[in-house]
Amino acid sequence: MKIALISHLFPTELHPFHGKFIKDQLELLQTDSNIQVELIVPTPYSLPFTERNRKNNSILITKAKASRLKYLSFPEKRFPRIIARSISNTITNFIDRSEADVIHIHWLYPDGLVIPALKEMGLKTVLTIHGSDWYQTRNDPVLVDLLESSLTTADRILYSGPLLKDDIEAEYPFLSSKSEIIYNLVDDGNYHPVDDEKKSVLKKGLGWDPSKKHALTVANLRKEKGIDILLEAISSTEDFSDIQFHVIGADDKTDYSKKIRHQIQNTSQADIELMEPVKPHELLKLYQASDLYILPSRREGFNVSILEAMACGLPAVCTDVGGNKLIISDKTGLICPPKNANLLAQGIRSLASALNQFNSTHIHNTIASLYGNKAFLQKLKSIYASLYTDSSR
């Protein structure tokens with residue numbers, strides 16, 4: 001079975017952390033000898049010598065057969081019909097030569113705009129909606145008809161979390177007959193706990209204070225990720241003197257991210273480190289060196305970082321958004337109401353005071369059994385196989 005995987009977001013040498021979960025899925029598919037997978041990365045035309053051009057031509061980090069396909073785009077999603085026509089023509093011309101059995105498209109916008117054209121070719125399509133691609137486009141009146149056409153014509157729709165499914169199907173209830181939730185993948189062979197001795201070595205290598213507990217948060221500096229709520233929680237009490245907080249996230253230079261930096265500078269009673277994103281192997285060290293994980297999001301589909309952290313054996317404090325409550329129990333962490341700094345602070349203090357009650361191996365095994373390589377691959381293969389069987393009749 002040959003799969004064409006389409007995603008405009010994929011790790012590159014310039015941005016190795018962008019779309020890492022797409023790369024993880026592709027590499028997992030490559031482990032199955034019965035599947036051939038080809039990567040297609042839609043890439044907007046850009047002016048030479050610009051930062052966007054440099055970004056759009058950075059080398060893709062993959063050993064799979066991969067192609068960048070150029071299409072015409074405009075800032076702020078202007079002229080969406082022109083964009084849809086350009087990306088559709090580019091991809092259908094390429095797909096016509098690739099003989100793929102199933103086309104798996106990630107992201108409703110812009111990648112999903114090609115689905116009606118693929119269906120006209122008689123091809124089977126799977127669309128994964130991750131969350132931001134829905135919430136950032138749902139209220140755009142110019143895009144509504146185009147997105148509805150893509151949703152209607154896709155053979156299968158996969159959602160990254162239950163809230164996303166509920167929100168979309170509240171507007172398009174007919175999608176429920178061809179949709180399901182497929183939670184994010186974590187490489188449970190790579191993400192695993194380390195013993196106390198190794199953890200101490202990692203902390204020393206990172207220059208972390210060995211006398212403190214270390215709390216990690218991996219989230220870009222965007223409002224929906226709730227870093228301001230975390231900082232408010234930290235600053236609301238002087239009871240965190242024994243904890244060092246590490247926040248890893250890309251800064252997109254917005255007013256919100258400037259506010260975050262200002263908050264950190266003015267939170268003198270707590271030990272907070274703000275770090276730029278790092279490559280996956282460096283991020284793994286940070287997970288394994290940490291003692292607990294915090295996810296303060298206002299909104300999520302189903303977060304990848306919390307799966308990676310818990311696969312490394314970390315108990316987690318997270319807000320009750322997206323799929324978080326599916327992985328949190330009294331043996332894996334604590335869950336708090338979203339947008340409530342005081343209750344988040346209480347949760348952090350409670351968890352940090354009871355770390356010895358959590359078993360890192362149990363936390364890892366819980367995540368691996370539900371979201372590890374074997375479980376995810378089996379799920380994805382069954383979806384592809386059902387469409388492949390239909391097309392063979």
# chains A, B, ... in the order shown; residues from 1 in each chain; ligands from 1
call {"tool": "select_by_dssp", "arguments": {"residues": "region 17-215 of chain A", "states": "strand (DSSP E)", "output": "PyMOL selection string"}}
result
chain A and resi 36-44+65-71+102-106+124-129+156-159+179-181+213-215
call {"tool": "write_last_selection", "arguments": {"atoms": "C-alpha atoms", "output": "short mmCIF file (atom, residue, chain, number, x, y, z; two decimals), in the first residue's frame"}}
result
data_model
loop_
_atom_site.label_atom_id
_atom_site.label_comp_id
_atom_site.auth_asym_id
_atom_site.auth_seq_id
_atom_site.Cartn_x
_atom_site.Cartn_y
_atom_site.Cartn_z
CA GLN A 36 5.41 2.81 1.11
CA VAL A 37 5.17 6.43 2.16
CA GLU A 38 6.02 9.57 0.23
CA LEU A 39 6.14 13.06 1.75
CA ILE A 40 4.70 16.10 -0.02
CA VAL A 41 5.35 19.52 1.51
CA PRO A 42 3.27 22.35 -0.02
CA THR A 43 5.46 25.45 0.01
CA PRO A 44 4.39 29.00 -0.92
CA LYS A 65 11.13 10.31 -0.55
CA ALA A 66 10.10 13.94 -0.22
CA SER A 67 9.08 16.78 -2.53
CA ARG A 68 8.42 20.44 -1.96
CA LEU A 69 5.61 21.58 -4.24
CA LYS A 70 5.33 25.33 -4.79
CA TYR A 71 2.01 27.14 -4.83
CA VAL A 102 -4.41 6.73 -0.03
CA ILE A 103 -3.68 10.44 0.38
CA HIS A 104 -3.29 11.52 4.02
CA ILE A 105 -3.56 15.29 4.38
CA HIS A 106 -2.57 17.02 7.60
CA LYS A 124 -9.15 8.15 -1.29
CA THR A 125 -8.39 10.89 1.23
CA VAL A 126 -7.80 11.08 4.97
CA LEU A 127 -7.76 14.49 6.65
CA THR A 128 -6.23 15.08 10.08
CA ILE A 129 -7.33 18.28 11.81
CA ARG A 156 -12.20 10.03 6.59
CA ILE A 157 -11.59 12.80 9.12
CA LEU A 158 -9.32 12.37 12.12
CA TYR A 159 -9.33 14.72 15.10
CA SER A 179 -14.74 10.70 11.68
CA GLU A 180 -12.87 9.52 14.74
CA ILE A 181 -10.29 10.68 17.25
CA LYS A 213 12.98 20.14 42.15
CA HIS A 214 12.70 20.97 38.48
CA ALA A 215 9.41 21.64 36.68
#
call {"tool": "select_by_dssp", "arguments": {"residues": "region 139-335 of chain A", "states": "alpha helix (DSSP H)", "output": "mmCIF file with C-alpha atoms, in the first residue's frame"}}
result
data_model
loop_
_atom_site.group_PDB
_atom_site.id
_atom_site.type_symbol
_atom_site.label_atom_id
_atom_site.label_comp_id
_atom_site.auth_asym_id
_atom_site.auth_seq_id
_atom_site.Cartn_x
_atom_site.Cartn_y
_atom_site.Cartn_z
ATOM 1 C CA VAL A 144 -16.169 28.929 5.003
ATOM 2 C CA ASP A 145 -17.368 27.498 1.680
ATOM 3 C CA LEU A 146 -13.926 26.167 0.763
ATOM 4 C CA LEU A 147 -13.392 24.486 4.119
ATOM 5 C CA GLU A 148 -16.897 23.015 4.117
ATOM 6 C CA SER A 149 -16.241 21.520 0.685
ATOM 7 C CA SER A 150 -13.062 19.882 1.957
ATOM 8 C CA LEU A 151 -14.796 18.490 5.044
ATOM 9 C CA THR A 152 -17.680 17.187 2.965
ATOM 10 C CA THR A 153 -15.573 15.428 0.334
ATOM 11 C CA PRO A 162 -12.393 15.060 21.759
ATOM 12 C CA LEU A 163 -13.097 18.780 22.211
ATOM 13 C CA LEU A 164 -12.043 19.444 18.628
ATOM 14 C CA LYS A 165 -14.387 16.713 17.389
ATOM 15 C CA ASP A 166 -17.258 18.119 19.442
ATOM 16 C CA ASP A 167 -16.669 21.692 18.269
ATOM 17 C CA ILE A 168 -16.484 20.832 14.570
ATOM 18 C CA GLU A 169 -19.399 18.408 14.587
ATOM 19 C CA ALA A 170 -21.559 20.922 16.438
ATOM 20 C CA GLU A 171 -21.458 22.842 13.155
ATOM 21 C CA ASP A 196 18.075 8.648 39.775
ATOM 22 C CA GLU A 197 21.794 8.512 39.064
ATOM 23 C CA LYS A 198 21.314 9.325 35.377
ATOM 24 C CA LYS A 199 18.828 12.086 36.257
ATOM 25 C CA SER A 200 21.409 13.672 38.557
ATOM 26 C CA VAL A 201 24.051 13.529 35.823
ATOM 27 C CA LEU A 202 21.670 15.210 33.369
ATOM 28 C CA LYS A 203 20.811 17.951 35.855
ATOM 29 C CA LYS A 204 24.482 18.623 36.478
ATOM 30 C CA GLY A 205 25.156 18.800 32.749
ATOM 31 C CA LEU A 206 22.374 21.357 32.352
ATOM 32 C CA ILE A 227 2.166 30.632 30.079
ATOM 33 C CA ASP A 228 0.870 33.875 31.616
ATOM 34 C CA ILE A 229 -1.408 31.797 33.862
ATOM 35 C CA LEU A 230 1.551 29.660 34.934
ATOM 36 C CA LEU A 231 3.558 32.776 35.765
ATOM 37 C CA GLU A 232 0.627 34.211 37.700
ATOM 38 C CA ALA A 233 0.386 30.941 39.623
ATOM 39 C CA ILE A 234 4.095 31.010 40.406
ATOM 40 C CA SER A 235 4.027 34.651 41.540
ATOM 41 C CA ASP A 255 2.543 41.626 22.312
ATOM 42 C CA TYR A 256 1.675 38.498 24.260
ATOM 43 C CA SER A 257 5.194 37.080 24.150
ATOM 44 C CA LYS A 258 6.591 40.476 25.188
ATOM 45 C CA LYS A 259 4.190 40.378 28.135
ATOM 46 C CA ILE A 260 5.525 36.940 29.096
ATOM 47 C CA ARG A 261 9.109 38.136 29.115
ATOM 48 C CA HIS A 262 8.102 41.146 31.185
ATOM 49 C CA GLN A 263 6.281 38.908 33.677
ATOM 50 C CA ILE A 264 9.331 36.697 34.084
ATOM 51 C CA GLN A 265 11.588 39.684 34.676
ATOM 52 C CA PRO A 280 14.561 16.725 19.859
ATOM 53 C CA HIS A 281 17.568 14.928 21.359
ATOM 54 C CA GLU A 282 18.262 17.944 23.580
ATOM 55 C CA LEU A 283 14.607 18.169 24.557
ATOM 56 C CA LEU A 284 14.719 14.502 25.588
ATOM 57 C CA LYS A 285 17.502 15.318 28.058
ATOM 58 C CA LEU A 286 15.371 18.104 29.534
ATOM 59 C CA TYR A 287 12.405 15.772 30.000
ATOM 60 C CA GLN A 288 14.570 13.117 31.637
ATOM 61 C CA ALA A 289 16.309 15.627 33.904
ATOM 62 C CA VAL A 304 2.352 16.103 22.193
ATOM 63 C CA SER A 305 4.692 17.471 24.834
ATOM 64 C CA ILE A 306 2.705 16.062 27.744
ATOM 65 C CA LEU A 307 2.841 12.604 26.129
ATOM 66 C CA GLU A 308 6.606 12.906 25.697
ATOM 67 C CA ALA A 309 7.070 14.118 29.275
ATOM 68 C CA MET A 310 4.933 11.354 30.764
ATOM 69 C CA ALA A 311 6.598 8.732 28.554
#
call {"tool": "closest_residue", "arguments": {"among": "A:Asp252, A:Glu273, A:Asp187, A:Asp239", "to": "Trp208 (chain A)", "atoms": "only C-alpha atoms"}}
result
A:Glu273
call {"tool": "residues_around", "arguments": {"residues": "Leu118 (chain A)", "least_positions_apart": "4", "cutoff": "9 Å", "atoms": "only C-alpha atoms", "output": "ChimeraX atom specification"}}
result
/A:88,91-92,95,103,114,122-125
call {"tool": "write_last_selection", "arguments": {"atoms": "all heavy atoms", "output": "PDB file, in the first residue's frame"}}
result
ATOM      1  N   SER A  88      -4.147  23.170  -5.376  1.00  0.00           N
ATOM      2  CA  SER A  88      -4.810  21.991  -5.942  1.00  0.00           C
ATOM      3  C   SER A  88      -4.162  21.589  -7.261  1.00  0.00           C
ATOM      4  O   SER A  88      -3.886  20.400  -7.496  1.00  0.00           O
ATOM      5  CB  SER A  88      -6.298  22.264  -6.151  1.00  0.00           C
ATOM      6  OG  SER A  88      -6.944  22.471  -4.911  1.00  0.00           O
ATOM      7  N   ILE A  91      -0.594  20.063  -6.567  1.00  0.00           N
ATOM      8  CA  ILE A  91      -0.568  18.744  -5.936  1.00  0.00           C
ATOM      9  C   ILE A  91      -1.210  17.683  -6.819  1.00  0.00           C
ATOM     10  O   ILE A  91      -0.691  16.562  -6.931  1.00  0.00           O
ATOM     11  CB  ILE A  91      -1.248  18.798  -4.557  1.00  0.00           C
ATOM     12  CG1 ILE A  91      -0.378  19.621  -3.598  1.00  0.00           C
ATOM     13  CG2 ILE A  91      -1.466  17.393  -3.996  1.00  0.00           C
ATOM     14  CD1 ILE A  91      -0.955  19.778  -2.213  1.00  0.00           C
ATOM     15  N   THR A  92      -2.324  17.985  -7.472  1.00  0.00           N
ATOM     16  CA  THR A  92      -2.963  16.967  -8.322  1.00  0.00           C
ATOM     17  C   THR A  92      -2.076  16.589  -9.504  1.00  0.00           C
ATOM     18  O   THR A  92      -2.041  15.422  -9.901  1.00  0.00           O
ATOM     19  CB  THR A  92      -4.333  17.443  -8.821  1.00  0.00           C
ATOM     20  OG1 THR A  92      -4.204  18.722  -9.472  1.00  0.00           O
ATOM     21  CG2 THR A  92      -5.328  17.543  -7.682  1.00  0.00           C
ATOM     22  N   ILE A  95       0.447  14.228  -7.855  1.00  0.00           N
ATOM     23  CA  ILE A  95      -0.176  12.986  -7.405  1.00  0.00           C
ATOM     24  C   ILE A  95      -0.538  12.087  -8.572  1.00  0.00           C
ATOM     25  O   ILE A  95      -0.461  10.850  -8.486  1.00  0.00           O
ATOM     26  CB  ILE A  95      -1.447  13.287  -6.573  1.00  0.00           C
ATOM     27  CG1 ILE A  95      -1.061  13.914  -5.234  1.00  0.00           C
ATOM     28  CG2 ILE A  95      -2.295  12.049  -6.350  1.00  0.00           C
ATOM     29  CD1 ILE A  95      -0.391  12.972  -4.267  1.00  0.00           C
ATOM     30  N   ILE A 103      -4.313   9.146   0.150  1.00  0.00           N
ATOM     31  CA  ILE A 103      -3.676  10.439   0.379  1.00  0.00           C
ATOM     32  C   ILE A 103      -4.037  10.891   1.792  1.00  0.00           C
ATOM     33  O   ILE A 103      -5.218  11.079   2.098  1.00  0.00           O
ATOM     34  CB  ILE A 103      -4.157  11.506  -0.632  1.00  0.00           C
ATOM     35  CG1 ILE A 103      -4.238  10.935  -2.049  1.00  0.00           C
ATOM     36  CG2 ILE A 103      -3.259  12.733  -0.563  1.00  0.00           C
ATOM     37  CD1 ILE A 103      -2.933  10.485  -2.619  1.00  0.00           C
ATOM     38  N   VAL A 114      -7.003  21.064  -1.049  1.00  0.00           N
ATOM     39  CA  VAL A 114      -6.798  20.223  -2.233  1.00  0.00           C
ATOM     40  C   VAL A 114      -7.746  19.030  -2.281  1.00  0.00           C
ATOM     41  O   VAL A 114      -7.880  18.371  -3.321  1.00  0.00           O
ATOM     42  CB  VAL A 114      -5.328  19.736  -2.289  1.00  0.00           C
ATOM     43  CG1 VAL A 114      -5.076  18.670  -1.225  1.00  0.00           C
ATOM     44  CG2 VAL A 114      -4.965  19.210  -3.668  1.00  0.00           C
ATOM     45  N   GLY A 122     -10.829  10.620  -8.114  1.00  0.00           N
ATOM     46  CA  GLY A 122     -11.209   9.298  -7.632  1.00  0.00           C
ATOM     47  C   GLY A 122     -10.297   8.749  -6.561  1.00  0.00           C
ATOM     48  O   GLY A 122     -10.310   7.539  -6.282  1.00  0.00           O
ATOM     49  N   LEU A 123      -9.524   9.611  -5.908  1.00  0.00           N
ATOM     50  CA  LEU A 123      -8.565   9.168  -4.902  1.00  0.00           C
ATOM     51  C   LEU A 123      -9.178   9.150  -3.508  1.00  0.00           C
ATOM     52  O   LEU A 123     -10.083   9.924  -3.197  1.00  0.00           O
ATOM     53  CB  LEU A 123      -7.342  10.088  -4.915  1.00  0.00           C
ATOM     54  CG  LEU A 123      -6.535  10.063  -6.213  1.00  0.00           C
ATOM     55  CD1 LEU A 123      -5.496  11.165  -6.218  1.00  0.00           C
ATOM     56  CD2 LEU A 123      -5.862   8.700  -6.403  1.00  0.00           C
ATOM     57  N   LYS A 124      -8.699   8.265  -2.663  1.00  0.00           N
ATOM     58  CA  LYS A 124      -9.151   8.150  -1.290  1.00  0.00           C
ATOM     59  C   LYS A 124      -8.347   9.103  -0.404  1.00  0.00           C
ATOM     60  O   LYS A 124      -7.114   9.138  -0.469  1.00  0.00           O
ATOM     61  CB  LYS A 124      -8.989   6.719  -0.781  1.00  0.00           C
ATOM     62  CG  LYS A 124      -9.863   5.708  -1.531  1.00  0.00           C
ATOM     63  CD  LYS A 124     -11.335   5.956  -1.255  1.00  0.00           C
ATOM     64  CE  LYS A 124     -12.210   4.910  -1.926  1.00  0.00           C
ATOM     65  NZ  LYS A 124     -13.641   5.110  -1.624  1.00  0.00           N
ATOM     66  N   THR A 125      -9.063   9.872   0.430  1.00  0.00           N
ATOM     67  CA  THR A 125      -8.393  10.894   1.228  1.00  0.00           C
ATOM     68  C   THR A 125      -8.710  10.748   2.715  1.00  0.00           C
ATOM     69  O   THR A 125      -9.833  10.449   3.103  1.00  0.00           O
ATOM     70  CB  THR A 125      -8.807  12.299   0.775  1.00  0.00           C
ATOM     71  OG1 THR A 125     -10.221  12.449   0.917  1.00  0.00           O
ATOM     72  CG2 THR A 125      -8.411  12.554  -0.675  1.00  0.00           C
TER      73      THR A 125
END
call {"tool": "closest_residue", "arguments": {"among": "A:Phe10, A:Phe79, A:Phe240, A:Trp134", "to": "Ile59 (chain A)", "atoms": "only C-alpha atoms"}}
result
A:Phe10
call {"tool": "residues_around", "arguments": {"residues": "His192 (chain A)", "least_positions_apart": "6", "cutoff": "7 Å", "atoms": "only C-alpha atoms", "output": "number ranges by chain"}}
result
A: 311-313, 364
call {"tool": "atom_distance", "arguments": {"atom1": "CA of Asn303 (chain A)", "atom2": "CA of Asn359 (chain A)"}}
result
21.8 Å
call {"tool": "closest_residue", "arguments": {"among": "A:Asn53, A:Thr12, A:Ser353, A:Gln346", "to": "Asp242 (chain A)", "atoms": "only C-alpha atoms"}}
result
A:Ser353
call {"tool": "closest_residue", "arguments": {"among": "A:Phe358, A:Leu274, A:Ala368, A:Ser236", "to": "Asp251 (chain A)", "atoms": "only C-alpha atoms"}}
result
A:Leu274
call {"tool": "closest_residue", "arguments": {"among": "A:Phe17, A:Met275, A:Lys379, A:Thr237", "to": "Ala345 (chain A)", "atoms": "only C-alpha atoms"}}
result
A:Thr237
call {"tool": "closest_residue", "arguments": {"among": "A:Asn356, A:Ser132, A:Asn266, A:Thr366", "to": "Thr332 (chain A)", "atoms": "only C-alpha atoms"}}
result
A:Thr366
call {"tool": "decode", "arguments": {"residues": "region 163-178 of chain A", "atoms": "N, CA, C and O atoms", "output": "PDB file, in the first residue's frame"}}
result
ATOM      1  N   LEU A 163     -12.475  17.455  22.265  1.00  0.00           N
ATOM      2  CA  LEU A 163     -13.097  18.780  22.211  1.00  0.00           C
ATOM      3  C   LEU A 163     -13.152  19.288  20.773  1.00  0.00           C
ATOM      4  O   LEU A 163     -14.148  19.870  20.341  1.00  0.00           O
ATOM      5  N   LEU A 164     -12.082  19.040  20.029  1.00  0.00           N
ATOM      6  CA  LEU A 164     -12.043  19.444  18.628  1.00  0.00           C
ATOM      7  C   LEU A 164     -13.145  18.751  17.835  1.00  0.00           C
ATOM      8  O   LEU A 164     -13.848  19.380  17.021  1.00  0.00           O
ATOM      9  N   LYS A 165     -13.318  17.464  18.063  1.00  0.00           N
ATOM     10  CA  LYS A 165     -14.387  16.713  17.389  1.00  0.00           C
ATOM     11  C   LYS A 165     -15.753  17.307  17.733  1.00  0.00           C
ATOM     12  O   LYS A 165     -16.593  17.540  16.849  1.00  0.00           O
ATOM     13  N   ASP A 166     -15.973  17.570  19.009  1.00  0.00           N
ATOM     14  CA  ASP A 166     -17.258  18.119  19.442  1.00  0.00           C
ATOM     15  C   ASP A 166     -17.521  19.487  18.812  1.00  0.00           C
ATOM     16  O   ASP A 166     -18.640  19.778  18.365  1.00  0.00           O
ATOM     17  N   ASP A 167     -16.500  20.338  18.796  1.00  0.00           N
ATOM     18  CA  ASP A 167     -16.669  21.692  18.269  1.00  0.00           C
ATOM     19  C   ASP A 167     -16.986  21.692  16.778  1.00  0.00           C
ATOM     20  O   ASP A 167     -17.863  22.425  16.311  1.00  0.00           O
ATOM     21  N   ILE A 168     -16.264  20.859  16.020  1.00  0.00           N
ATOM     22  CA  ILE A 168     -16.484  20.832  14.570  1.00  0.00           C
ATOM     23  C   ILE A 168     -17.828  20.193  14.241  1.00  0.00           C
ATOM     24  O   ILE A 168     -18.600  20.697  13.412  1.00  0.00           O
ATOM     25  N   GLU A 169     -18.152  19.111  14.922  1.00  0.00           N
ATOM     26  CA  GLU A 169     -19.399  18.408  14.587  1.00  0.00           C
ATOM     27  C   GLU A 169     -20.635  19.092  15.152  1.00  0.00           C
ATOM     28  O   GLU A 169     -21.753  18.762  14.769  1.00  0.00           O
ATOM     29  N   ALA A 170     -20.435  20.084  16.035  1.00  0.00           N
ATOM     30  CA  ALA A 170     -21.559  20.922  16.438  1.00  0.00           C
ATOM     31  C   ALA A 170     -22.038  21.754  15.253  1.00  0.00           C
ATOM     32  O   ALA A 170     -23.219  22.070  15.131  1.00  0.00           O
ATOM     33  N   GLU A 171     -21.109  22.082  14.359  1.00  0.00           N
ATOM     34  CA  GLU A 171     -21.458  22.842  13.155  1.00  0.00           C
ATOM     35  C   GLU A 171     -21.735  21.930  11.967  1.00  0.00           C
ATOM     36  O   GLU A 171     -22.538  22.263  11.099  1.00  0.00           O
ATOM     37  N   TYR A 172     -21.067  20.789  11.926  1.00  0.00           N
ATOM     38  CA  TYR A 172     -21.239  19.845  10.812  1.00  0.00           C
ATOM     39  C   TYR A 172     -21.508  18.450  11.372  1.00  0.00           C
ATOM     40  O   TYR A 172     -20.641  17.570  11.329  1.00  0.00           O
ATOM     41  N   PRO A 173     -22.704  18.215  11.894  1.00  0.00           N
ATOM     42  CA  PRO A 173     -22.993  16.927  12.546  1.00  0.00           C
ATOM     43  C   PRO A 173     -22.887  15.731  11.616  1.00  0.00           C
ATOM     44  O   PRO A 173     -22.618  14.608  12.075  1.00  0.00           O
ATOM     45  N   PHE A 174     -23.037  15.934  10.316  1.00  0.00           N
ATOM     46  CA  PHE A 174     -22.980  14.812   9.373  1.00  0.00           C
ATOM     47  C   PHE A 174     -21.582  14.206   9.299  1.00  0.00           C
ATOM     48  O   PHE A 174     -21.411  13.078   8.804  1.00  0.00           O
ATOM     49  N   LEU A 175     -20.571  14.915   9.794  1.00  0.00           N
ATOM     50  CA  LEU A 175     -19.206  14.387   9.732  1.00  0.00           C
ATOM     51  C   LEU A 175     -18.995  13.214  10.687  1.00  0.00           C
ATOM     52  O   LEU A 175     -18.047  12.448  10.536  1.00  0.00           O
ATOM     53  N   SER A 176     -19.859  13.068  11.680  1.00  0.00           N
ATOM     54  CA  SER A 176     -19.656  12.026  12.698  1.00  0.00           C
ATOM     55  C   SER A 176     -19.637  10.626  12.113  1.00  0.00           C
ATOM     56  O   SER A 176     -19.022   9.717  12.679  1.00  0.00           O
ATOM     57  N   SER A 177     -20.281  10.433  10.964  1.00  0.00           N
ATOM     58  CA  SER A 177     -20.347   9.101  10.358  1.00  0.00           C
ATOM     59  C   SER A 177     -19.022   8.684   9.714  1.00  0.00           C
ATOM     60  O   SER A 177     -18.832   7.515   9.389  1.00  0.00           O
ATOM     61  N   LYS A 178     -18.128   9.631   9.524  1.00  0.00           N
ATOM     62  CA  LYS A 178     -16.859   9.281   8.867  1.00  0.00           C
ATOM     63  C   LYS A 178     -15.653   9.827   9.640  1.00  0.00           C
ATOM     64  O   LYS A 178     -14.574   9.990   9.065  1.00  0.00           O
TER      65      LYS A 178
END
